[in-house]
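Working notes, structure below.
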Amino acid sequence: ASVFLMEWNSFIDSLNEKGLSDSMIFMIGTAGVHIVTFWGFNLFLFACYSWNWFPKQRIQGGEMPSKELVQSCILNRIMFHFVLQPILLLYLYPFFVWCGVSLRGPIPHMTIWIRDFGVANMCTITLFYWIHRAMHHKWIYRYVHKQHHNFNVSIGIASEHAHPIEDIVANYFPTLSGCLLMGSHAVVLWAWIAFRLVETIDSHSGYHFEWSLFNRMFAAKGAMRHDYHHSHNKGCYGAFIWDRFMGTDLDFLEYEKSLKPHLGEMQEKKKTL
């Protein structure tokens with residue numbers, strides 16, 4: 001651990017010597033994690049859509065949103081990821097430092113990783129559920145959240161198709177709040193961002209991948225639940241724990257009983273093997 005710590009700090013120092021400030025390193029690292037995770041997973045999904053991979057695990061039987069909507073979303077994300085995001089991260093770096101986020105050692109022990117991920121997860125699922133549910137209030141939905149629901153057939157890139165207000169209040173605030181509260185090391189923060197991106201892209205993918213952690217964990221069926229939210233525009237506002245506790249997934253549970261053409265049929269075949 002001490003060797004890794006020395007190598008990590010030496011690596012940061014070497015970047016400083018090359019003219020990169022800590023704020024620049026933080027911006028490159030954070031934006032880099034976001035860009036690689038988002039576009040990497042979505043490139044895989046676009047290959048799935050284009051060549052009809054895993055057809056039995058498609059939730060809406062291969063339907064796709066309009067090309068115009070997809071192109072608009074892609075251009076919007078490119079502009080944000082490569083232009084606006086770096087500027088925002090540089091501007092907000094002092095706030096991250098004030099919250100205790102640091103690039104330098106010591107690299108946290110595994111117990112700290114587990115603690116910070118646990119707090120971040122609880123903050124995220126709670127804040128996202130209640131903020132997302134509020135976004136469906138008629139006074140807010142029409143002006144803010146409706147943009148996200150332009151995708152009534154959900155695909156991976158739809159995970160970040162949102163009004164700027166929603167992006168900040170419902171996406172970034174819940175995702176970052178736990179790590180900011182705990183003053184997490186930058187490496188822990190980057191790992192958490194990658195984890196959350198994979199989770200939200202998976203839930204918007206339009207695929208019920210049986211091997212997905214987010215579909216298998218606690219029988220959450222994250223992709224099916226969120227696809228229902230997009231196609232029916234009601235219920236399933238977030239983590240199944242809150243939905244189940246508040247009764248906002250009852251319509252989905254009734255709908256799920258009628259889902260036999262694709263996933264149900266596949267499951268029945270497996271039972272007979």
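Simple scheme: letters A, B, ... for chains in structure tokens order, numbers from 1 for residues in each chain, numbers from 1 for ligands in the order shown.
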Excluding same-chain residues fewer than 3 positions from stretch 82-87 of chain A, what lies within 8 Å of it counting only C-alpha atoms, as a ChimeraX atom specification? /A:27-28,31,78-79,90-91
With only C-alpha atoms as the counted atoms, please give the residues lying no more than 9 Å from A:Pro108, apart from itself and same-chain residues fewer than 6 positions off, as an NGL selection string. :A and (184-185 or 187-188)
If you count only C-alpha atoms, which residues fall within 10 Å of A:Ala223, apart from same-chain ones fewer than 5 positions away, as a PDB file with all heavy atoms, in the first residue's frame?
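Output file selection.pdb is given in full below:
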ATOM      1  N   ILE A  59     -36.342  -5.440 -24.460  1.00  0.00           N
ATOM      2  CA  ILE A  59     -37.562  -5.270 -23.684  1.00  0.00           C
ATOM      3  C   ILE A  59     -38.737  -4.872 -24.570  1.00  0.00           C
ATOM      4  O   ILE A  59     -39.846  -5.371 -24.403  1.00  0.00           O
ATOM      5  CB  ILE A  59     -37.349  -4.231 -22.563  1.00  0.00           C
ATOM      6  CG1 ILE A  59     -36.271  -4.734 -21.604  1.00  0.00           C
ATOM      7  CG2 ILE A  59     -38.652  -3.966 -21.802  1.00  0.00           C
ATOM      8  CD1 ILE A  59     -35.834  -3.724 -20.565  1.00  0.00           C
ATOM      9  N   SER A 154     -36.644   3.696 -24.680  1.00  0.00           N
ATOM     10  CA  SER A 154     -35.386   4.066 -24.040  1.00  0.00           C
ATOM     11  C   SER A 154     -34.189   3.336 -24.645  1.00  0.00           C
ATOM     12  O   SER A 154     -34.251   2.135 -24.903  1.00  0.00           O
ATOM     13  CB  SER A 154     -35.468   3.771 -22.540  1.00  0.00           C
ATOM     14  OG  SER A 154     -34.332   4.279 -21.874  1.00  0.00           O
ATOM     15  N   GLU A 199     -24.687   1.986 -14.167  1.00  0.00           N
ATOM     16  CA  GLU A 199     -26.017   1.671 -13.658  1.00  0.00           C
ATOM     17  C   GLU A 199     -27.112   2.388 -14.443  1.00  0.00           C
ATOM     18  O   GLU A 199     -28.099   1.775 -14.865  1.00  0.00           O
ATOM     19  CB  GLU A 199     -26.124   2.045 -12.178  1.00  0.00           C
ATOM     20  CG  GLU A 199     -27.487   1.744 -11.578  1.00  0.00           C
ATOM     21  CD  GLU A 199     -27.618   2.206 -10.139  1.00  0.00           C
ATOM     22  OE1 GLU A 199     -26.709   2.896  -9.643  1.00  0.00           O
ATOM     23  OE2 GLU A 199     -28.639   1.877  -9.513  1.00  0.00           O
ATOM     24  N   THR A 200     -26.963   3.693 -14.646  1.00  0.00           N
ATOM     25  CA  THR A 200     -28.027   4.445 -15.313  1.00  0.00           C
ATOM     26  C   THR A 200     -28.105   4.117 -16.802  1.00  0.00           C
ATOM     27  O   THR A 200     -29.195   4.071 -17.375  1.00  0.00           O
ATOM     28  CB  THR A 200     -27.860   5.958 -15.089  1.00  0.00           C
ATOM     29  OG1 THR A 200     -29.025   6.633 -15.568  1.00  0.00           O
ATOM     30  CG2 THR A 200     -26.638   6.519 -15.796  1.00  0.00           C
ATOM     31  N   ILE A 201     -26.977   3.863 -17.458  1.00  0.00           N
ATOM     32  CA  ILE A 201     -27.001   3.473 -18.864  1.00  0.00           C
ATOM     33  C   ILE A 201     -27.653   2.100 -19.008  1.00  0.00           C
ATOM     34  O   ILE A 201     -28.461   1.874 -19.910  1.00  0.00           O
ATOM     35  CB  ILE A 201     -25.585   3.483 -19.471  1.00  0.00           C
ATOM     36  CG1 ILE A 201     -25.010   4.901 -19.479  1.00  0.00           C
ATOM     37  CG2 ILE A 201     -25.593   2.920 -20.893  1.00  0.00           C
ATOM     38  CD1 ILE A 201     -23.527   4.979 -19.780  1.00  0.00           C
ATOM     39  N   ASP A 202     -27.316   1.194 -18.094  1.00  0.00           N
ATOM     40  CA  ASP A 202     -27.916  -0.131 -18.114  1.00  0.00           C
ATOM     41  C   ASP A 202     -29.438  -0.039 -17.962  1.00  0.00           C
ATOM     42  O   ASP A 202     -30.188  -0.713 -18.669  1.00  0.00           O
ATOM     43  CB  ASP A 202     -27.330  -0.975 -16.988  1.00  0.00           C
ATOM     44  CG  ASP A 202     -27.941  -2.356 -16.898  1.00  0.00           C
ATOM     45  OD1 ASP A 202     -27.459  -3.253 -17.605  1.00  0.00           O
ATOM     46  OD2 ASP A 202     -28.909  -2.547 -16.129  1.00  0.00           O
ATOM     47  N   SER A 203     -29.912   0.811 -17.054  1.00  0.00           N
ATOM     48  CA  SER A 203     -31.354   0.911 -16.822  1.00  0.00           C
ATOM     49  C   SER A 203     -32.081   1.575 -17.984  1.00  0.00           C
ATOM     50  O   SER A 203     -33.282   1.385 -18.158  1.00  0.00           O
ATOM     51  CB  SER A 203     -31.630   1.682 -15.522  1.00  0.00           C
ATOM     52  OG  SER A 203     -31.257   3.033 -15.634  1.00  0.00           O
ATOM     53  N   HIS A 204     -31.364   2.349 -18.801  1.00  0.00           N
ATOM     54  CA  HIS A 204     -31.959   2.990 -19.977  1.00  0.00           C
ATOM     55  C   HIS A 204     -31.702   2.202 -21.263  1.00  0.00           C
ATOM     56  O   HIS A 204     -32.167   2.614 -22.334  1.00  0.00           O
ATOM     57  CB  HIS A 204     -31.402   4.406 -20.167  1.00  0.00           C
ATOM     58  CG  HIS A 204     -31.921   5.416 -19.197  1.00  0.00           C
ATOM     59  ND1 HIS A 204     -31.363   5.616 -17.954  1.00  0.00           N
ATOM     60  CD2 HIS A 204     -32.964   6.287 -19.285  1.00  0.00           C
ATOM     61  CE1 HIS A 204     -32.027   6.572 -17.329  1.00  0.00           C
ATOM     62  NE2 HIS A 204     -33.003   6.998 -18.098  1.00  0.00           N
ATOM     63  N   SER A 205     -30.992   1.102 -21.176  1.00  0.00           N
ATOM     64  CA  SER A 205     -30.474   0.437 -22.375  1.00  0.00           C
ATOM     65  C   SER A 205     -31.547  -0.172 -23.263  1.00  0.00           C
ATOM     66  O   SER A 205     -31.323  -0.379 -24.455  1.00  0.00           O
ATOM     67  CB  SER A 205     -29.482  -0.662 -21.971  1.00  0.00           C
ATOM     68  OG  SER A 205     -30.155  -1.704 -21.273  1.00  0.00           O
ATOM     69  N   GLY A 206     -32.704  -0.495 -22.694  1.00  0.00           N
ATOM     70  CA  GLY A 206     -33.714  -1.213 -23.458  1.00  0.00           C
ATOM     71  C   GLY A 206     -33.477  -2.707 -23.488  1.00  0.00           C
ATOM     72  O   GLY A 206     -34.191  -3.447 -24.155  1.00  0.00           O
ATOM     73  N   TYR A 207     -32.447  -3.152 -22.743  1.00  0.00           N
ATOM     74  CA  TYR A 207     -32.122  -4.563 -22.622  1.00  0.00           C
ATOM     75  C   TYR A 207     -32.256  -5.020 -21.170  1.00  0.00           C
ATOM     76  O   TYR A 207     -31.840  -4.309 -20.256  1.00  0.00           O
ATOM     77  CB  TYR A 207     -30.672  -4.838 -23.052  1.00  0.00           C
ATOM     78  CG  TYR A 207     -30.466  -5.004 -24.531  1.00  0.00           C
ATOM     79  CD1 TYR A 207     -30.064  -3.927 -25.316  1.00  0.00           C
ATOM     80  CD2 TYR A 207     -30.638  -6.239 -25.139  1.00  0.00           C
ATOM     81  CE1 TYR A 207     -29.850  -4.078 -26.678  1.00  0.00           C
ATOM     82  CE2 TYR A 207     -30.424  -6.410 -26.497  1.00  0.00           C
ATOM     83  CZ  TYR A 207     -30.030  -5.330 -27.264  1.00  0.00           C
ATOM     84  OH  TYR A 207     -29.824  -5.484 -28.612  1.00  0.00           O
ATOM     85  N   HIS A 208     -32.817  -6.190 -20.988  1.00  0.00           N
ATOM     86  CA  HIS A 208     -32.797  -6.842 -19.675  1.00  0.00           C
ATOM     87  C   HIS A 208     -31.692  -7.887 -19.712  1.00  0.00           C
ATOM     88  O   HIS A 208     -31.937  -9.074 -19.926  1.00  0.00           O
ATOM     89  CB  HIS A 208     -34.149  -7.489 -19.366  1.00  0.00           C
ATOM     90  CG  HIS A 208     -34.178  -8.192 -18.042  1.00  0.00           C
ATOM     91  ND1 HIS A 208     -34.267  -7.523 -16.851  1.00  0.00           N
ATOM     92  CD2 HIS A 208     -34.114  -9.516 -17.726  1.00  0.00           C
ATOM     93  CE1 HIS A 208     -34.265  -8.398 -15.849  1.00  0.00           C
ATOM     94  NE2 HIS A 208     -34.167  -9.609 -16.367  1.00  0.00           N
ATOM     95  N   PHE A 209     -30.438  -7.414 -19.533  1.00  0.00           N
ATOM     96  CA  PHE A 209     -29.305  -8.337 -19.536  1.00  0.00           C
ATOM     97  C   PHE A 209     -29.344  -9.176 -18.263  1.00  0.00           C
ATOM     98  O   PHE A 209     -29.238  -8.640 -17.162  1.00  0.00           O
ATOM     99  CB  PHE A 209     -27.980  -7.568 -19.620  1.00  0.00           C
ATOM    100  CG  PHE A 209     -27.756  -6.874 -20.924  1.00  0.00           C
ATOM    101  CD1 PHE A 209     -27.588  -5.489 -20.970  1.00  0.00           C
ATOM    102  CD2 PHE A 209     -27.697  -7.591 -22.111  1.00  0.00           C
ATOM    103  CE1 PHE A 209     -27.364  -4.847 -22.174  1.00  0.00           C
ATOM    104  CE2 PHE A 209     -27.469  -6.946 -23.323  1.00  0.00           C
ATOM    105  CZ  PHE A 209     -27.306  -5.566 -23.359  1.00  0.00           C
ATOM    106  N   SER A 212     -26.508  -8.729 -15.841  1.00  0.00           N
ATOM    107  CA  SER A 212     -26.286  -7.410 -15.261  1.00  0.00           C
ATOM    108  C   SER A 212     -26.472  -7.434 -13.748  1.00  0.00           C
ATOM    109  O   SER A 212     -27.484  -7.907 -13.236  1.00  0.00           O
ATOM    110  CB  SER A 212     -27.256  -6.389 -15.872  1.00  0.00           C
ATOM    111  OG  SER A 212     -27.240  -5.177 -15.133  1.00  0.00           O
ATOM    112  N   PHE A 214     -27.192  -5.011 -11.957  1.00  0.00           N
ATOM    113  CA  PHE A 214     -28.299  -4.134 -11.578  1.00  0.00           C
ATOM    114  C   PHE A 214     -29.663  -4.763 -11.858  1.00  0.00           C
ATOM    115  O   PHE A 214     -30.677  -4.273 -11.369  1.00  0.00           O
ATOM    116  CB  PHE A 214     -28.165  -2.795 -12.300  1.00  0.00           C
ATOM    117  CG  PHE A 214     -26.811  -2.179 -12.127  1.00  0.00           C
ATOM    118  CD1 PHE A 214     -25.911  -2.151 -13.182  1.00  0.00           C
ATOM    119  CD2 PHE A 214     -26.426  -1.680 -10.910  1.00  0.00           C
ATOM    120  CE1 PHE A 214     -24.646  -1.607 -13.018  1.00  0.00           C
ATOM    121  CE2 PHE A 214     -25.159  -1.135 -10.733  1.00  0.00           C
ATOM    122  CZ  PHE A 214     -24.277  -1.101 -11.784  1.00  0.00           C
ATOM    123  N   ASN A 215     -29.686  -5.809 -12.641  1.00  0.00           N
ATOM    124  CA  ASN A 215     -30.926  -6.551 -12.851  1.00  0.00           C
ATOM    125  C   ASN A 215     -31.052  -7.738 -11.904  1.00  0.00           C
ATOM    126  O   ASN A 215     -32.165  -8.149 -11.567  1.00  0.00           O
ATOM    127  CB  ASN A 215     -31.013  -7.053 -14.298  1.00  0.00           C
ATOM    128  CG  ASN A 215     -31.269  -5.919 -15.263  1.00  0.00           C
ATOM    129  OD1 ASN A 215     -31.984  -4.981 -14.954  1.00  0.00           O
ATOM    130  ND2 ASN A 215     -30.664  -5.993 -16.443  1.00  0.00           N
ATOM    131  N   TYR A 228     -40.314   0.569 -18.344  1.00  0.00           N
ATOM    132  CA  TYR A 228     -41.755   0.755 -18.100  1.00  0.00           C
ATOM    133  C   TYR A 228     -42.036   2.225 -17.775  1.00  0.00           C
ATOM    134  O   TYR A 228     -43.018   2.802 -18.257  1.00  0.00           O
ATOM    135  CB  TYR A 228     -42.215  -0.132 -16.946  1.00  0.00           C
ATOM    136  CG  TYR A 228     -43.645   0.122 -16.518  1.00  0.00           C
ATOM    137  CD1 TYR A 228     -44.704  -0.490 -17.180  1.00  0.00           C
ATOM    138  CD2 TYR A 228     -43.936   0.989 -15.464  1.00  0.00           C
ATOM    139  CE1 TYR A 228     -46.024  -0.251 -16.807  1.00  0.00           C
ATOM    140  CE2 TYR A 228     -45.246   1.240 -15.081  1.00  0.00           C
ATOM    141  CZ  TYR A 228     -46.284   0.621 -15.751  1.00  0.00           C
ATOM    142  OH  TYR A 228     -47.582   0.874 -15.382  1.00  0.00           O
ATOM    143  N   HIS A 229     -41.167   2.829 -16.988  1.00  0.00           N
ATOM    144  CA  HIS A 229     -41.350   4.238 -16.633  1.00  0.00           C
ATOM    145  C   HIS A 229     -41.356   5.119 -17.878  1.00  0.00           C
ATOM    146  O   HIS A 229     -42.151   6.053 -17.984  1.00  0.00           O
ATOM    147  CB  HIS A 229     -40.237   4.692 -15.677  1.00  0.00           C
ATOM    148  CG  HIS A 229     -40.287   6.140 -15.328  1.00  0.00           C
ATOM    149  ND1 HIS A 229     -41.176   6.659 -14.412  1.00  0.00           N
ATOM    150  CD2 HIS A 229     -39.575   7.199 -15.791  1.00  0.00           C
ATOM    151  CE1 HIS A 229     -41.007   7.962 -14.314  1.00  0.00           C
ATOM    152  NE2 HIS A 229     -40.036   8.318 -15.145  1.00  0.00           N
TER     153      HIS A 229
END
Looking only at helix (DSSP H, G or I) from DSSP on the backbone, list the matching residues of stretch 15-172 of chain A as a ChimeraX atom specification. /A:15-17,22-51,55-57,67-98,110-135,138-141,145-150,156-160,164-172
Using atom CA of A:Trp139 and atom CA of A:Ala170 as the two end points, give the distance in Å to one decimal.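 Here the two named atoms are 15.9 Å from each other.
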Can you list every residue of stretch 170-267 of chain A that has an atom at most 12 Å from stretch 97-105 of chain A, with its nearest atom pair and the distance in Å to one decimal, using only C-alpha atoms, ordered by chain then number, as JSON lines?
{"residue": "A:Leu176", "atom": "CA", "partner": "A:Cys99", "partner_atom": "CA", "distance": 11.1}
{"residue": "A:Ser177", "atom": "CA", "partner": "A:Cys99", "partner_atom": "CA", "distance": 10.1}
{"residue": "A:Gly178", "atom": "CA", "partner": "A:Cys99", "partner_atom": "CA", "distance": 10.8}
{"residue": "A:Cys179", "atom": "CA", "partner": "A:Val101", "partner_atom": "CA", "distance": 8.0}
{"residue": "A:Leu180", "atom": "CA", "partner": "A:Cys99", "partner_atom": "CA", "distance": 5.6}
{"residue": "A:Leu181", "atom": "CA", "partner": "A:Cys99", "partner_atom": "CA", "distance": 6.9}
{"residue": "A:Met182", "atom": "CA", "partner": "A:Gly100", "partner_atom": "CA", "distance": 7.6}
{"residue": "A:Gly183", "atom": "CA", "partner": "A:Gly100", "partner_atom": "CA", "distance": 4.0}
{"residue": "A:Ser184", "atom": "CA", "partner": "A:Val101", "partner_atom": "CA", "distance": 5.2}
{"residue": "A:His185", "atom": "CA", "partner": "A:Ser102", "partner_atom": "CA", "distance": 5.2}
{"residue": "A:Ala186", "atom": "CA", "partner": "A:Leu103", "partner_atom": "CA", "distance": 5.2}
{"residue": "A:Val187", "atom": "CA", "partner": "A:Leu103", "partner_atom": "CA", "distance": 7.3}
{"residue": "A:Val188", "atom": "CA", "partner": "A:Val101", "partner_atom": "CA", "distance": 9.4}
{"residue": "A:Leu189", "atom": "CA", "partner": "A:Val101", "partner_atom": "CA", "distance": 8.2}
{"residue": "A:Trp190", "atom": "CA", "partner": "A:Leu103", "partner_atom": "CA", "distance": 10.7}
Within 12 Å of A:Val144, counting only C-alpha atoms, which residues show up once you throw out same-chain ones fewer than 6 positions away? Write them as an MDAnalysis selection string, please. chainID A and resid 132 134:138 150 161:170
Expected file contents, prior selection, all heavy atoms, as a CSV table (one decimal), in the first residue's frame:
chain,number,residue,atom,x,y,z
A,132,HIS,N,-36.7,13.0,-8.6
A,132,HIS,CA,-37.3,12.5,-9.8
A,132,HIS,C,-38.9,12.4,-9.7
A,132,HIS,O,-39.6,12.8,-10.7
A,132,HIS,CB,-36.8,11.1,-10.2
A,132,HIS,CG,-37.3,10.5,-11.5
A,132,HIS,ND1,-37.3,9.2,-11.7
A,132,HIS,CD2,-37.9,11.1,-12.6
A,132,HIS,CE1,-37.8,8.9,-12.9
A,132,HIS,NE2,-38.2,10.1,-13.5
A,134,ALA,N,-40.7,14.3,-7.9
A,134,ALA,CA,-41.1,15.7,-7.9
A,134,ALA,C,-41.1,16.3,-9.3
A,134,ALA,O,-42.0,17.1,-9.7
A,134,ALA,CB,-40.2,16.6,-7.0
A,135,MET,N,-40.2,15.8,-10.1
A,135,MET,CA,-40.1,16.2,-11.5
A,135,MET,C,-41.3,15.8,-12.3
A,135,MET,O,-41.6,16.4,-13.4
A,135,MET,CB,-38.9,15.6,-12.2
A,135,MET,CG,-37.5,16.1,-11.8
A,135,MET,SD,-37.2,17.7,-12.6
A,135,MET,CE,-35.7,18.2,-11.7
A,136,HIS,N,-42.1,14.9,-11.8
A,136,HIS,CA,-43.3,14.5,-12.5
A,136,HIS,C,-44.5,15.3,-12.1
A,136,HIS,O,-45.6,15.0,-12.6
A,136,HIS,CB,-43.6,13.0,-12.3
A,136,HIS,CG,-42.8,12.1,-13.3
A,136,HIS,ND1,-43.3,11.7,-14.5
A,136,HIS,CD2,-41.5,11.7,-13.2
A,136,HIS,CE1,-42.4,11.0,-15.1
A,136,HIS,NE2,-41.3,11.0,-14.4
A,137,HIS,N,-44.3,16.2,-11.2
A,137,HIS,CA,-45.4,17.2,-10.8
A,137,HIS,C,-45.8,18.0,-12.1
A,137,HIS,O,-44.9,18.5,-12.8
A,137,HIS,CB,-45.0,18.0,-9.7
A,137,HIS,CG,-46.2,18.8,-9.1
A,137,HIS,ND1,-46.7,20.0,-9.7
A,137,HIS,CD2,-47.0,18.6,-8.0
A,137,HIS,CE1,-47.7,20.4,-9.0
A,137,HIS,NE2,-47.9,19.6,-7.9
A,138,LYS,N,-47.0,18.2,-12.3
A,138,LYS,CA,-47.4,18.9,-13.5
A,138,LYS,C,-46.8,20.3,-13.7
A,138,LYS,O,-46.7,20.8,-14.8
A,138,LYS,CB,-49.0,19.0,-13.6
A,138,LYS,CG,-49.6,19.8,-12.4
A,138,LYS,CD,-51.1,19.8,-12.5
A,138,LYS,CE,-51.7,20.6,-11.4
A,138,LYS,NZ,-53.2,20.6,-11.5
A,150,ASN,N,-38.9,12.5,-23.9
A,150,ASN,CA,-39.0,12.4,-25.4
A,150,ASN,C,-38.6,11.0,-25.8
A,150,ASN,O,-39.1,10.6,-26.9
A,150,ASN,CB,-38.1,13.5,-26.0
A,150,ASN,CG,-38.6,14.9,-25.9
A,150,ASN,OD1,-39.8,15.1,-25.7
A,150,ASN,ND2,-37.7,15.9,-26.0
A,161,HIS,N,-30.1,12.5,-21.5
A,161,HIS,CA,-30.9,13.4,-22.3
A,161,HIS,C,-31.8,14.1,-21.3
A,161,HIS,O,-32.9,13.6,-20.9
A,161,HIS,CB,-31.7,12.7,-23.3
A,161,HIS,CG,-32.5,13.6,-24.2
A,161,HIS,ND1,-31.9,14.4,-25.2
A,161,HIS,CD2,-33.8,13.8,-24.3
A,161,HIS,CE1,-32.8,15.1,-25.8
A,161,HIS,NE2,-34.0,14.7,-25.3
A,162,ALA,N,-31.4,15.3,-20.9
A,162,ALA,CA,-32.2,16.0,-19.8
A,162,ALA,C,-32.1,17.5,-20.0
A,162,ALA,O,-31.1,18.0,-20.5
A,162,ALA,CB,-31.8,15.6,-18.4
A,163,HIS,N,-33.0,18.2,-19.5
A,163,HIS,CA,-33.0,19.7,-19.3
A,163,HIS,C,-31.8,20.1,-18.4
A,163,HIS,O,-31.6,19.3,-17.4
A,163,HIS,CB,-34.3,20.2,-18.8
A,163,HIS,CG,-34.5,21.7,-18.8
A,163,HIS,ND1,-33.9,22.5,-17.8
A,163,HIS,CD2,-35.2,22.5,-19.6
A,163,HIS,CE1,-34.2,23.8,-18.1
A,163,HIS,NE2,-35.0,23.8,-19.1
A,164,PRO,N,-31.1,21.2,-18.6
A,164,PRO,CA,-30.0,21.5,-17.8
A,164,PRO,C,-30.4,21.6,-16.3
A,164,PRO,O,-29.5,21.2,-15.4
A,164,PRO,CB,-29.6,22.9,-18.3
A,164,PRO,CG,-30.0,22.9,-19.7
A,164,PRO,CD,-31.2,22.1,-19.8
A,165,ILE,N,-31.6,22.1,-16.0
A,165,ILE,CA,-32.0,22.1,-14.6
A,165,ILE,C,-32.1,20.7,-14.0
A,165,ILE,O,-31.6,20.4,-12.9
A,165,ILE,CB,-33.3,22.9,-14.4
A,165,ILE,CG1,-33.1,24.3,-14.8
A,165,ILE,CG2,-33.9,22.7,-13.0
A,165,ILE,CD1,-34.4,25.1,-14.7
A,166,GLU,N,-32.7,19.8,-14.8
A,166,GLU,CA,-32.8,18.4,-14.3
A,166,GLU,C,-31.4,17.8,-14.2
A,166,GLU,O,-31.1,17.0,-13.2
A,166,GLU,CB,-33.6,17.6,-15.2
A,166,GLU,CG,-33.8,16.1,-14.8
A,166,GLU,CD,-34.6,15.3,-15.7
A,166,GLU,OE1,-35.2,15.9,-16.7
A,166,GLU,OE2,-34.7,14.1,-15.5
A,167,ASP,N,-30.5,18.1,-15.1
A,167,ASP,CA,-29.2,17.5,-15.1
A,167,ASP,C,-28.5,17.8,-13.8
A,167,ASP,O,-27.9,17.0,-13.1
A,167,ASP,CB,-28.3,18.1,-16.3
A,167,ASP,CG,-27.8,17.0,-17.2
A,167,ASP,OD1,-28.0,15.8,-16.9
A,167,ASP,OD2,-27.2,17.4,-18.2
A,168,ILE,N,-28.6,19.1,-13.3
A,168,ILE,CA,-27.9,19.5,-12.1
A,168,ILE,C,-28.6,19.0,-10.9
A,168,ILE,O,-28.0,18.4,-10.0
A,168,ILE,CB,-27.9,21.1,-12.1
A,168,ILE,CG1,-27.0,21.6,-13.2
A,168,ILE,CG2,-27.3,21.5,-10.7
A,168,ILE,CD1,-27.1,23.1,-13.4
A,169,VAL,N,-30.0,19.2,-10.8
A,169,VAL,CA,-30.7,18.9,-9.6
A,169,VAL,C,-31.0,17.4,-9.4
A,169,VAL,O,-30.9,16.9,-8.3
A,169,VAL,CB,-32.1,19.7,-9.6
A,169,VAL,CG1,-32.9,19.3,-8.4
A,169,VAL,CG2,-31.8,21.2,-9.6
A,170,ALA,N,-31.4,16.7,-10.5
A,170,ALA,CA,-31.8,15.3,-10.4
A,170,ALA,C,-30.7,14.3,-10.7
A,170,ALA,O,-30.8,13.2,-10.3
A,170,ALA,CB,-33.0,15.1,-11.2
Rank A:Cys73, A:Leu253, A:Ile12, A:Met246 by their smallest atom-to-atom distance to A:Gln147, using only C-alpha atoms, and report the top residue only.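 The shortest atom-to-atom distance to A:Gln147 comes from A:Cys73.
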Residue nearest A:Gly40 among A:Leu15, A:Ile157, A:Leu20, A:Val119 (counting only C-alpha atoms):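 Selected residue with least distance to A:Gly40: A:Ile157.
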One decimal, Å: what's the distance from atom CA of A:Thr124 over to atom CA of A:Glu160, could you say?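 About the pair atom CA of A:Thr124 and atom CA of A:Glu160: they are 15.9 Å apart.
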Residue neighbourhood A:Thr248, 7 Å, only C-alpha atoms, exclusion window fewer than 3 positions, as a list in words: Gly235, Cys236, Asp243 and Arg244 of chain A
Nearest to A:His232: which of A:Phe11, A:Trp53, A:Phe41, A:Phe151 is it, counting only C-alpha atoms?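 Of A:Phe11, A:Trp53, A:Phe41, A:Phe151, the one nearest A:His232, counting only C-alpha atoms, is A:Phe151.
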